[in-house]
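Participant: Got protein-v5.cif for you, mmCIF, C-alpha atoms and all ligand atoms:
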data_run
loop_
_atom_site.label_atom_id
_atom_site.label_comp_id
_atom_site.auth_asym_id
_atom_site.auth_seq_id
_atom_site.Cartn_x
_atom_site.Cartn_y
_atom_site.Cartn_z
CA MET M 1 3.40 -24.69 10.73
CA ALA M 2 6.30 -22.29 10.11
CA GLU M 3 6.63 -19.61 12.78
CA ILE M 4 7.15 -16.09 11.48
CA LYS M 5 10.11 -14.33 13.10
CA LYS M 6 11.90 -12.59 10.25
CA VAL M 7 10.06 -10.63 7.58
CA GLY M 8 11.34 -9.31 4.26
CA VAL M 9 9.69 -6.21 2.83
CA VAL M 10 10.43 -5.52 -0.83
CA GLY M 11 9.88 -1.86 -1.71
CA GLY M 12 10.23 1.01 0.77
CA GLY M 13 7.92 3.55 -0.85
CA LEU M 14 4.65 5.00 0.45
CA MET M 15 3.37 1.61 1.61
CA GLY M 16 6.57 -0.41 2.08
CA HIS M 17 8.21 1.91 4.60
CA GLY M 18 5.03 1.89 6.71
CA ILE M 19 4.70 -1.91 6.53
CA ALA M 20 8.36 -2.29 7.54
CA GLN M 21 7.85 0.10 10.47
CA VAL M 22 4.70 -1.59 11.84
CA THR M 23 6.32 -5.01 11.42
CA ALA M 24 9.45 -4.02 13.35
CA THR M 25 7.26 -2.30 15.96
CA ALA M 26 5.38 -5.59 16.44
CA GLY M 27 8.69 -7.24 17.38
CA TYR M 28 9.67 -8.95 14.12
CA ASP M 29 13.12 -8.71 12.57
CA VAL M 30 12.74 -6.93 9.24
CA VAL M 31 14.89 -6.87 6.11
CA LEU M 32 13.85 -4.00 3.88
CA ARG M 33 14.96 -4.18 0.26
CA GLU M 34 15.09 -1.23 -2.12
CA VAL M 35 16.68 -0.74 -5.53
CA ASP M 36 19.49 1.55 -4.36
CA GLN M 37 21.00 3.24 -1.30
CA SER M 38 19.34 6.56 -2.00
CA ALA M 39 15.86 4.94 -1.93
CA LEU M 40 16.80 3.20 1.33
CA ASP M 41 18.00 6.50 2.83
CA THR M 42 14.71 8.21 1.93
CA CYS M 43 12.74 5.36 3.43
CA MET M 44 14.76 5.19 6.66
CA GLY M 45 14.60 8.99 6.89
CA LYS M 46 10.78 8.77 7.05
CA ILE M 47 10.82 5.97 9.62
CA ASN M 48 13.35 7.81 11.79
CA LYS M 49 11.25 10.96 11.66
CA GLN M 50 8.06 9.16 12.67
CA LEU M 51 9.76 7.32 15.53
CA ALA M 52 11.35 10.57 16.76
CA ARG M 53 7.94 12.26 16.68
CA ALA M 54 6.40 9.42 18.72
CA VAL M 55 9.16 9.85 21.33
CA GLU M 56 8.65 13.63 21.37
CA LYS M 57 4.92 13.17 21.93
CA GLY M 58 5.58 10.72 24.76
CA LYS M 59 3.88 7.88 22.83
CA SER M 60 7.04 5.80 22.74
CA SER M 61 10.23 5.66 24.80
CA GLN M 62 13.63 6.31 23.26
CA GLU M 63 14.60 2.71 24.17
CA ASP M 64 11.60 1.31 22.28
CA ALA M 65 12.34 3.51 19.24
CA ASP M 66 15.99 2.36 19.30
CA ALA M 67 14.91 -1.29 19.59
CA ILE M 68 12.57 -0.90 16.58
CA LEU M 69 15.40 0.60 14.51
CA ALA M 70 17.76 -2.17 15.63
CA ARG M 71 15.31 -4.75 14.25
CA LEU M 72 15.29 -3.05 10.83
CA GLU M 73 18.00 -4.12 8.41
CA THR M 74 18.24 -2.54 4.96
CA THR M 75 19.61 -4.00 1.77
CA THR M 76 19.73 -3.66 -1.99
CA GLU M 77 20.30 -7.41 -2.45
CA TYR M 78 17.56 -10.03 -2.73
CA THR M 79 19.99 -12.60 -1.30
CA ASP M 80 19.61 -10.97 2.14
CA LEU M 81 15.99 -12.16 2.17
CA ALA M 82 17.06 -15.84 2.03
CA ASP M 83 16.19 -16.78 5.62
CA CYS M 84 12.99 -14.71 5.95
CA ASP M 85 9.86 -16.57 7.10
CA LEU M 86 7.58 -14.18 5.24
CA VAL M 87 8.27 -11.82 2.33
CA ILE M 88 5.84 -8.95 1.70
CA GLU M 89 5.91 -7.31 -1.71
CA ALA M 90 5.19 -3.56 -1.76
CA ILE M 91 6.63 -2.44 -5.09
CA THR M 92 4.93 -0.52 -7.86
CA GLU M 93 1.42 -1.64 -8.92
CA SER M 94 2.54 -3.36 -12.12
CA LEU M 95 2.07 -7.08 -12.70
CA PRO M 96 5.16 -7.52 -14.93
CA ALA M 97 7.34 -5.77 -12.31
CA LYS M 98 5.91 -7.92 -9.53
CA LEU M 99 6.36 -11.14 -11.52
CA GLU M 100 9.97 -10.27 -12.28
CA MET M 101 10.59 -9.62 -8.59
CA TRP M 102 9.00 -12.90 -7.46
CA LYS M 103 11.03 -14.83 -10.03
CA GLU M 104 14.21 -13.61 -8.33
CA VAL M 105 12.94 -13.95 -4.76
CA ASP M 106 11.36 -17.42 -5.20
CA GLY M 107 14.72 -18.93 -6.08
CA ILE M 108 16.48 -17.36 -3.09
CA VAL M 109 14.11 -17.47 -0.11
CA LYS M 110 13.80 -20.73 1.87
CA GLU M 111 11.10 -23.07 0.61
CA ASP M 112 8.80 -23.00 3.64
CA ALA M 113 8.55 -19.19 3.78
CA TYR M 114 5.25 -17.48 3.02
CA PHE M 115 4.92 -14.87 0.28
CA ALA M 116 2.43 -12.00 0.42
CA THR M 117 1.59 -9.21 -1.98
CA ASN M 118 0.36 -5.81 -0.86
CA THR M 119 -1.33 -5.30 -4.23
CA SER M 120 -4.29 -2.91 -4.14
CA SER M 121 -6.09 -4.43 -7.08
CA LEU M 122 -4.28 -7.16 -9.01
CA ALA M 123 -5.55 -10.72 -8.66
CA VAL M 124 -3.33 -12.47 -6.12
CA ILE M 125 -3.48 -15.73 -8.08
CA ASP M 126 -1.61 -14.17 -11.02
CA GLN M 127 1.41 -13.65 -8.77
CA ALA M 128 0.96 -16.86 -6.74
CA ALA M 129 0.89 -19.00 -9.89
CA ALA M 130 4.19 -17.53 -11.07
CA THR M 131 6.01 -18.91 -8.01
CA ALA M 132 6.85 -22.49 -7.05
CA ARG M 133 4.81 -22.07 -3.83
CA PRO M 134 1.29 -20.95 -4.82
CA GLU M 135 -0.15 -22.63 -1.70
CA ARG M 136 2.03 -20.44 0.54
CA PHE M 137 1.10 -17.21 -1.27
CA LEU M 138 -1.57 -14.73 -0.11
CA GLY M 139 -2.51 -11.06 -0.16
CA LEU M 140 -1.83 -8.74 2.79
CA HIS M 141 -3.32 -5.40 1.80
CA TYR M 142 -2.38 -2.49 4.07
CA PHE M 143 -3.78 1.05 3.93
CA ASN M 144 -1.98 4.35 3.79
CA PRO M 145 -0.58 5.39 6.25
CA ALA M 146 0.10 1.80 7.33
CA GLN M 147 1.32 3.04 10.72
CA VAL M 148 -2.11 4.51 11.46
CA MET M 149 -4.80 2.67 9.48
CA LYS M 150 -6.28 -0.25 11.40
CA LEU M 151 -7.20 -2.55 8.52
CA VAL M 152 -5.33 -5.29 6.70
CA GLU M 153 -7.32 -7.16 4.06
CA VAL M 154 -6.10 -10.77 4.09
CA VAL M 155 -6.71 -12.13 0.62
CA ARG M 156 -7.09 -15.80 -0.13
CA ALA M 157 -6.15 -16.87 -3.65
CA VAL M 158 -7.68 -20.11 -4.93
CA THR M 159 -4.34 -21.81 -4.28
CA THR M 160 -3.72 -20.43 -0.75
CA SER M 161 -3.62 -23.23 1.84
CA ASP M 162 -5.60 -22.99 5.09
CA GLU M 163 -2.27 -22.92 6.91
CA ALA M 164 -0.91 -19.94 4.95
CA PHE M 165 -4.18 -18.05 5.21
CA GLU M 166 -4.33 -18.57 8.98
CA ALA M 167 -0.68 -17.49 9.24
CA GLY M 168 -1.58 -14.29 7.36
CA LEU M 169 -4.52 -13.54 9.65
CA ARG M 170 -2.41 -14.17 12.75
CA PHE M 171 0.44 -12.05 11.42
CA ALA M 172 -1.82 -9.03 10.75
CA ARG M 173 -3.45 -9.38 14.18
CA SER M 174 -0.04 -9.57 15.84
CA GLN M 175 0.59 -6.07 14.46
CA GLY M 176 -2.54 -4.81 16.23
CA LYS M 177 -4.45 -4.67 12.94
CA LEU M 178 -8.03 -5.61 12.18
CA ALA M 179 -7.57 -8.53 9.77
CA ILE M 180 -10.52 -8.90 7.41
CA PRO M 181 -10.56 -11.91 5.09
CA THR M 182 -11.51 -11.19 1.49
CA LYS M 183 -11.84 -13.13 -1.73
CA ASP M 184 -9.38 -12.61 -4.56
CA LYS M 185 -11.53 -10.18 -6.57
CA ALA M 186 -10.01 -7.03 -8.06
CA GLY M 187 -10.10 -4.23 -5.49
CA PHE M 188 -11.07 -6.59 -2.64
CA ILE M 189 -13.51 -4.81 -0.28
CA VAL M 190 -12.17 -1.31 0.29
CA ASN M 191 -10.95 -0.34 -3.18
CA ARG M 192 -14.06 -1.89 -4.75
CA LEU M 193 -15.97 0.88 -2.94
CA LEU M 194 -13.37 3.62 -2.49
CA VAL M 195 -11.99 3.80 -6.04
CA PRO M 196 -15.34 4.50 -7.80
CA TYR M 197 -15.99 7.10 -5.08
CA MET M 198 -12.73 8.97 -5.85
CA LEU M 199 -13.35 8.67 -9.61
CA ASP M 200 -16.89 10.02 -9.15
CA ALA M 201 -15.47 12.99 -7.26
CA ILE M 202 -13.24 13.72 -10.29
CA ARG M 203 -16.27 13.42 -12.59
CA ALA M 204 -18.28 15.73 -10.32
CA TYR M 205 -15.44 18.25 -10.66
CA GLU M 206 -15.39 17.82 -14.46
CA GLU M 207 -19.13 18.45 -14.57
CA GLY M 208 -18.75 21.65 -12.54
CA VAL M 209 -20.69 20.41 -9.51
CA GLY M 210 -18.12 22.10 -7.28
CA SER M 211 -14.50 23.26 -7.21
CA VAL M 212 -11.74 20.93 -5.97
CA SER M 213 -11.80 22.39 -2.47
CA GLU M 214 -15.62 22.63 -2.38
CA ILE M 215 -15.95 18.92 -3.19
CA ASP M 216 -13.38 18.05 -0.52
CA ASP M 217 -14.83 20.38 2.11
CA ALA M 218 -18.35 19.09 1.40
CA MET M 219 -17.39 15.46 2.03
CA LYS M 220 -15.48 16.36 5.19
CA ALA M 221 -18.27 18.46 6.65
CA GLY M 222 -21.21 16.50 5.21
CA ALA M 223 -20.06 12.91 5.59
CA ALA M 224 -17.43 13.24 8.35
CA HIS M 225 -14.63 11.87 6.17
CA PRO M 226 -11.15 12.71 7.51
CA MET M 227 -10.07 13.80 4.02
CA GLY M 228 -12.07 14.90 1.00
CA PRO M 229 -11.97 12.52 -2.02
CA LEU M 230 -9.60 14.65 -4.14
CA THR M 231 -7.17 15.14 -1.24
CA LEU M 232 -7.40 11.39 -0.70
CA ALA M 233 -6.67 10.72 -4.39
CA ASP M 234 -3.53 12.89 -4.10
CA PHE M 235 -2.63 11.09 -0.85
CA VAL M 236 -3.00 7.60 -2.35
CA GLY M 237 -1.01 8.75 -5.42
CA LEU M 238 -2.72 9.51 -8.72
CA ASP M 239 -0.42 7.03 -10.50
CA THR M 240 -1.49 4.31 -8.08
CA LEU M 241 -5.14 5.31 -8.44
CA GLY M 242 -4.74 5.20 -12.25
CA SER M 243 -3.20 1.71 -12.12
CA ILE M 244 -5.88 0.43 -9.76
CA CYS M 245 -8.77 1.73 -11.86
CA ASP M 246 -7.21 0.32 -15.05
CA VAL M 247 -7.03 -3.13 -13.45
CA MET M 248 -10.61 -2.84 -12.17
CA PHE M 249 -11.90 -1.58 -15.51
CA ASP M 250 -10.19 -4.48 -17.30
CA GLU M 251 -11.72 -6.92 -14.85
CA PHE M 252 -15.29 -5.60 -14.65
CA ARG M 253 -15.69 -3.50 -17.85
CA GLU M 254 -17.83 -0.99 -15.97
CA ARG M 255 -17.70 2.77 -16.56
CA ARG M 256 -17.50 3.46 -12.85
CA PHE M 257 -13.95 2.07 -12.86
CA ALA M 258 -12.79 3.96 -15.99
CA GLN M 259 -10.20 6.76 -15.74
CA PRO M 260 -11.91 10.16 -16.10
CA PRO M 261 -10.16 12.34 -18.75
CA THR M 262 -8.89 14.74 -16.07
CA LEU M 263 -7.03 11.95 -14.30
CA ARG M 264 -5.56 10.66 -17.56
CA LYS M 265 -4.27 14.15 -18.44
CA MET M 266 -2.84 14.74 -14.97
CA LEU M 267 -0.93 11.45 -15.19
CA ALA M 268 0.39 12.39 -18.63
CA ALA M 269 1.69 15.62 -17.07
CA GLY M 270 3.49 13.65 -14.33
CA TRP M 271 1.20 14.98 -11.59
CA TYR M 272 1.07 12.04 -9.21
CA GLY M 273 -0.37 13.84 -6.19
CA ARG M 274 1.28 14.64 -2.89
CA LYS M 275 4.41 12.56 -3.50
CA SER M 276 5.27 14.47 -6.71
CA GLY M 277 4.35 17.88 -5.30
CA LEU M 278 1.43 18.43 -7.70
CA GLY M 279 -1.96 16.81 -8.02
CA PHE M 280 -5.38 18.29 -7.41
CA TYR M 281 -3.41 20.47 -5.01
CA ASP M 282 -0.02 22.14 -5.17
CA TYR M 283 2.10 21.00 -2.21
CA SER M 284 5.01 23.42 -2.67
CA GLY M 285 3.82 25.94 -0.07
CA ASP M 286 3.27 25.64 3.70
CA GLN M 287 -0.33 24.58 3.08
CA PRO M 288 -1.68 22.73 0.02
CA SER M 289 -3.51 25.05 -2.40
CA PRO M 290 -5.67 24.04 -5.39
CA ASN M 291 -3.52 23.39 -8.47
CA PRO M 292 -4.57 26.05 -11.03
CA GLY M 293 -3.44 23.70 -13.84
CA VAL M 294 -6.32 21.30 -13.16
CA THR M 295 -9.04 22.47 -15.50
N1 LIG D 1 2.87 8.09 9.00
C1 LIG D 1 2.81 7.82 10.31
N2 LIG D 1 1.95 8.41 11.15
C2 LIG D 1 1.13 9.33 10.61
C3 LIG D 1 1.15 9.66 9.26
C4 LIG D 1 2.07 9.00 8.43
N3 LIG D 1 2.16 9.22 7.12
N4 LIG D 1 0.20 10.61 9.02
C5 LIG D 1 -0.38 10.84 10.19
N5 LIG D 1 0.17 10.08 11.16
C6 LIG D 1 -0.21 10.02 12.55
C7 LIG D 1 0.16 11.29 13.26
O1 LIG D 1 1.49 11.24 13.75
C8 LIG D 1 -0.86 11.35 14.37
O2 LIG D 1 -0.44 10.47 15.40
P1 LIG D 1 -0.85 10.73 16.93
O3 LIG D 1 -2.34 10.63 17.01
O4 LIG D 1 -0.14 9.62 17.65
O5 LIG D 1 -0.35 12.09 17.26
C9 LIG D 1 -2.13 10.72 13.75
O6 LIG D 1 -1.64 9.94 12.64
C10 LIG D 1 -3.09 11.76 13.24
O7 LIG D 1 -2.38 12.60 12.34
P2 LIG D 1 -2.60 14.17 12.20
O8 LIG D 1 -3.11 14.72 13.48
O9 LIG D 1 -1.35 14.76 11.62
O10 LIG D 1 -3.64 14.31 11.04
P3 LIG D 1 -5.10 13.77 10.90
O11 LIG D 1 -5.80 13.67 12.20
O12 LIG D 1 -5.66 14.59 9.80
O13 LIG D 1 -4.89 12.28 10.36
C11 LIG D 1 -4.76 10.77 8.60
C12 LIG D 1 -4.15 12.00 9.22
C13 LIG D 1 -4.65 9.58 9.58
C14 LIG D 1 -3.95 10.44 7.36
C15 LIG D 1 -6.28 11.05 8.29
O14 LIG D 1 -6.38 12.22 7.53
C16 LIG D 1 -6.96 9.93 7.55
O15 LIG D 1 -7.38 8.94 8.15
N6 LIG D 1 -7.14 10.08 6.22
C17 LIG D 1 -7.74 9.07 5.37
C18 LIG D 1 -6.71 8.05 5.03
C19 LIG D 1 -7.27 6.95 4.20
O16 LIG D 1 -8.42 6.90 3.83
N7 LIG D 1 -6.38 6.00 3.85
C20 LIG D 1 -6.72 4.90 2.98
C21 LIG D 1 -6.32 5.24 1.59
S1 LIG D 1 -6.76 3.97 0.48
C22 LIG D 1 -5.49 2.90 0.55
O17 LIG D 1 -4.48 3.11 1.16
C23 LIG D 1 -5.70 1.65 -0.19
C24 LIG D 1 -5.17 1.57 -1.52
O18 LIG D 1 -4.90 0.47 -1.94
C25 LIG D 1 -5.06 2.72 -2.40
#
Translate this file's structure into structure tokens.

Facilitator:
Amino acid sequence: MAEIKKVGVVGGGLMGHGIAQVTATAGYDVVLREVDQSALDTCMGKINKQLARAVEKGKSSQEDADAILARLETTTEYTDLADCDLVIEAITESLPAKLEMWKEVDGIVKEDAYFATNTSSLAVIDQAAATARPERFLGLHYFNPAQVMKLVEVVRAVTTSDEAFEAGLRFARSQGKLAIPTKDKAGFIVNRLLVPYMLDAIRAYEEGVGSVSEIDDAMKAGAAHPMGPLTLADFVGLDTLGSICDVMFDEFRERRFAQPPTLRKMLAAGWYGRKSGLGFYDYSGDQPSPNPGVT
């Protein structure tokens, strides 16, 4: 059984930077690949900031933070992933983009390495089958922010070997995560439940049940959720939410997974939530305020 020591993370966005950080924190050497230097700088800027904050709060020593950074190598070249024992994909939620990436990576990375996708919704088998190592391919689904959220869904495709699946469970546990095994069904456990909930919140808004902030405040105060559903949708990224619900609608053909018109229009306007500065809320001020353009 191949021991995991060096981990490649492809994509340093919302999820990828967090996965790279928790992986380096757990003692693995990490190679983080992004498309260009500016994307790598943004990603490392976030990691540096979070590590500095942990030191400031006394939750980590400066030596530990330095050691984590020393384990993190950045690159724009797939060839630097060649000797990784595990490669985790955390790029955009698009099957063609993921397949193109795996085509490159499969030919470069050593044959006994494991491959994992952080997909939120796509069937893992569709990516596994496109590589020459479908038995060493699995899903490792992290939650945002990966540095904080306890769960990793470990997804077994029909081709995943017992050995690769066990390696995935052990890897997630070694990061201090709760590893929950799931079948390869669109949305797995959490998004199967969470996505219709966020979409229903948008429908409730469309039907005038409450304003954006009333719906959010109600779920915080009435159901003890840390964030209301529309804040959460902005936090996940409305583009990501749109991609996930499209995949789930295609798979299950149920209205509960369909994009509500408000979401479709917001995506057309380029309002992707917190990361783009506008979503259900406007993030340009000190505090988020409801986006008056959402009608
Ligand atoms: N990166 C790293 N650390 C972060 C962070 C981030 N982006 N955001 C918050 N934290 C840390 C803070 O530093 C703080 O750490 P300490 O306790 O060590 O001081 C801790 O988290 C709490 O943060 P705050 O006090 O600033 O804020 P909070 O108490 O409101 O918590 C939150 C923030 C953890 C994000 C909380 O609001 C929350 O749990 N929200 C729900 C998140 C959620 O549901 N995520 C899942 C989304 S679905 C998904 O990801 C799946 C998918 O496929 C779409």

Participant: Kindly work out which residues sit at most 6 Å from ligand LIG 1 (chain D), using only C-alpha atoms and all ligand atoms, and give the list as a compact mmCIF listing (two decimals) with C-alpha atoms, keeping the file's coordinate frame.

Facilitator:
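In the end it all went to pocket-v8.txt:
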# COMPACT_ATOMS: atom_id res chain seq x y z
CA GLN M 50 8.06 9.16 12.67
CA SER M 120 -4.29 -2.91 -4.14
CA PHE M 143 -3.78 1.05 3.93
CA ASN M 144 -1.98 4.35 3.79
CA PRO M 145 -0.58 5.39 6.25
CA GLN M 147 1.32 3.04 10.72
CA VAL M 148 -2.11 4.51 11.46
CA PRO M 226 -11.15 12.71 7.51
CA MET M 227 -10.07 13.80 4.02
CA VAL M 236 -3.00 7.60 -2.35

Participant: Give me, please, the distance in Å between CA of Asp282 (chain M) and CA of Arg255 (chain M), quoted to one decimal.

Facilitator: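 Here the two named atoms are 28.6 Å from each other.
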
Participant: Using CA of Ser276 (chain M) and CA of Gly8 (chain M) as the two end points, give the distance in Å to one decimal.

Facilitator: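 Separation of CA of Ser276 (chain M) and CA of Gly8 (chain M): 26.9 Å.
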
Participant: Please, what distance in Å, to one decimal, runs between CA of Gln62 (chain M) and CA of Lys49 (chain M)?

Facilitator: 12.7 Å

Participant: I'd like the neighbourhood of Phe115 (chain M) as a list of chain:residue names, where a residue qualifies if any of its atoms comes within 10 Å (using all atoms listed in the file), though same-chain residues fewer than 6 positions away should be ignored.

Facilitator: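 Surrounding residues, per the criterion: M:Val7, M:Gly8, M:Cys84, M:Asp85, M:Leu86, M:Val87, M:Ile88, M:Glu89, M:Trp102, M:Val105, M:Asp106, M:Val109, M:Gln127, M:Ala128, M:Thr131, M:Arg133, M:Pro134, M:Glu135, M:Arg136, M:Phe137, M:Leu138, M:Gly139, M:Leu140, M:Ala164, M:Gly168.
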
Participant: Restricting the output to C-alpha atoms, write the selected residues as a short mmCIF file (atom, residue, chain, number, x, y, z; two decimals), in the coordinates of the input.

Facilitator:
data_model
loop_
_atom_site.label_atom_id
_atom_site.label_comp_id
_atom_site.auth_asym_id
_atom_site.auth_seq_id
_atom_site.Cartn_x
_atom_site.Cartn_y
_atom_site.Cartn_z
CA VAL M 7 10.06 -10.63 7.58
CA GLY M 8 11.34 -9.31 4.26
CA CYS M 84 12.99 -14.71 5.95
CA ASP M 85 9.86 -16.57 7.10
CA LEU M 86 7.58 -14.18 5.24
CA VAL M 87 8.27 -11.82 2.33
CA ILE M 88 5.84 -8.95 1.70
CA GLU M 89 5.91 -7.31 -1.71
CA TRP M 102 9.00 -12.90 -7.46
CA VAL M 105 12.94 -13.95 -4.76
CA ASP M 106 11.36 -17.42 -5.20
CA VAL M 109 14.11 -17.47 -0.11
CA GLN M 127 1.41 -13.65 -8.77
CA ALA M 128 0.96 -16.86 -6.74
CA THR M 131 6.01 -18.91 -8.01
CA ARG M 133 4.81 -22.07 -3.83
CA PRO M 134 1.29 -20.95 -4.82
CA GLU M 135 -0.15 -22.63 -1.70
CA ARG M 136 2.03 -20.44 0.54
CA PHE M 137 1.10 -17.21 -1.27
CA LEU M 138 -1.57 -14.73 -0.11
CA GLY M 139 -2.51 -11.06 -0.16
CA LEU M 140 -1.83 -8.74 2.79
CA ALA M 164 -0.91 -19.94 4.95
CA GLY M 168 -1.58 -14.29 7.36
#

Participant: Looking at all atoms listed in the file, which of M:Glu163, M:Glu77, M:Glu251, M:Asp234 is the one that sits closest to Tyr114 (chain M)?

Facilitator: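 Closest to Tyr114 (chain M) of all the choices is M:Glu163.
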
Participant: List the neighbours of region 37-41 of chain M out to 12 Å using all atoms listed in the file; skip same-chain residues closer than 5 positions along the sequence, and give me the result as a PDB file with C-alpha atoms, in the coordinates of the input.

Facilitator:
ATOM      1  CA  VAL M   9       9.690  -6.210   2.830  1.00  0.00           C
ATOM      2  CA  VAL M  10      10.430  -5.520  -0.830  1.00  0.00           C
ATOM      3  CA  GLY M  11       9.880  -1.860  -1.710  1.00  0.00           C
ATOM      4  CA  GLY M  12      10.230   1.010   0.770  1.00  0.00           C
ATOM      5  CA  GLY M  13       7.920   3.550  -0.850  1.00  0.00           C
ATOM      6  CA  LEU M  14       4.650   5.000   0.450  1.00  0.00           C
ATOM      7  CA  GLY M  16       6.570  -0.410   2.080  1.00  0.00           C
ATOM      8  CA  HIS M  17       8.210   1.910   4.600  1.00  0.00           C
ATOM      9  CA  ALA M  20       8.360  -2.290   7.540  1.00  0.00           C
ATOM     10  CA  VAL M  31      14.890  -6.870   6.110  1.00  0.00           C
ATOM     11  CA  LEU M  32      13.850  -4.000   3.880  1.00  0.00           C
ATOM     12  CA  LYS M  46      10.780   8.770   7.050  1.00  0.00           C
ATOM     13  CA  ILE M  47      10.820   5.970   9.620  1.00  0.00           C
ATOM     14  CA  ASN M  48      13.350   7.810  11.790  1.00  0.00           C
ATOM     15  CA  LYS M  49      11.250  10.960  11.660  1.00  0.00           C
ATOM     16  CA  LEU M  72      15.290  -3.050  10.830  1.00  0.00           C
ATOM     17  CA  GLU M  73      18.000  -4.120   8.410  1.00  0.00           C
ATOM     18  CA  THR M  74      18.240  -2.540   4.960  1.00  0.00           C
ATOM     19  CA  THR M  75      19.610  -4.000   1.770  1.00  0.00           C
ATOM     20  CA  THR M  76      19.730  -3.660  -1.990  1.00  0.00           C
ATOM     21  CA  GLU M  77      20.300  -7.410  -2.450  1.00  0.00           C
TER      22      GLU M  77
END

Participant: With 10 Å as the threshold, what does the neighbourhood of (-8.9, 1.4, 1.0) contain in terms of residues, counting only C-alpha atoms? Coordinates are those of the file; answer as an MDAnalysis selection string.

Facilitator: chainID M and resid 120 141:144 149 151:153 187:195 236

Participant: Tell me which of M:Arg33, M:Lys59, M:Arg156, M:Arg53 sits closest to Tyr78 (chain M), counting all atoms listed in the file.

Facilitator: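 Of the candidates, the smallest distance to Tyr78 (chain M) is held by M:Arg33.
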
Participant: Taking into account all atoms listed in the file, which residue in the set M:Ser243, M:Thr231, M:Ser174, M:Thr42 is nearest to Tyr28 (chain M)?

Facilitator: M:Ser174

Participant: Between M:Ala172, M:Leu69, M:Ile202, M:Leu81, which one has atoms that come closest to Ile19 (chain M), using all atoms listed in the file?

Facilitator: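 Using all atoms listed in the file, the shortest distance to Ile19 (chain M) belongs to M:Ala172.
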
Participant: Specify the axis-aligned box that encloses all atoms of region 188-202 of chain M listed in the file after padding of 4 Å on each side, stating its centre and edge lengths in Å to one decimal as AutoDock Vina command-line options.

Facilitator:
--center_x -13.9 --center_y 3.6 --center_z -5.0 --size_x 13.9 --size_y 28.3 --size_z 18.6

Participant: Within 8 Å of (-8.7, 4.5, -6.1), only C-alpha atoms: residues as a PyMOL selection string?

Facilitator: chain M and resi 191+194-199+233+236+240-242+244-245
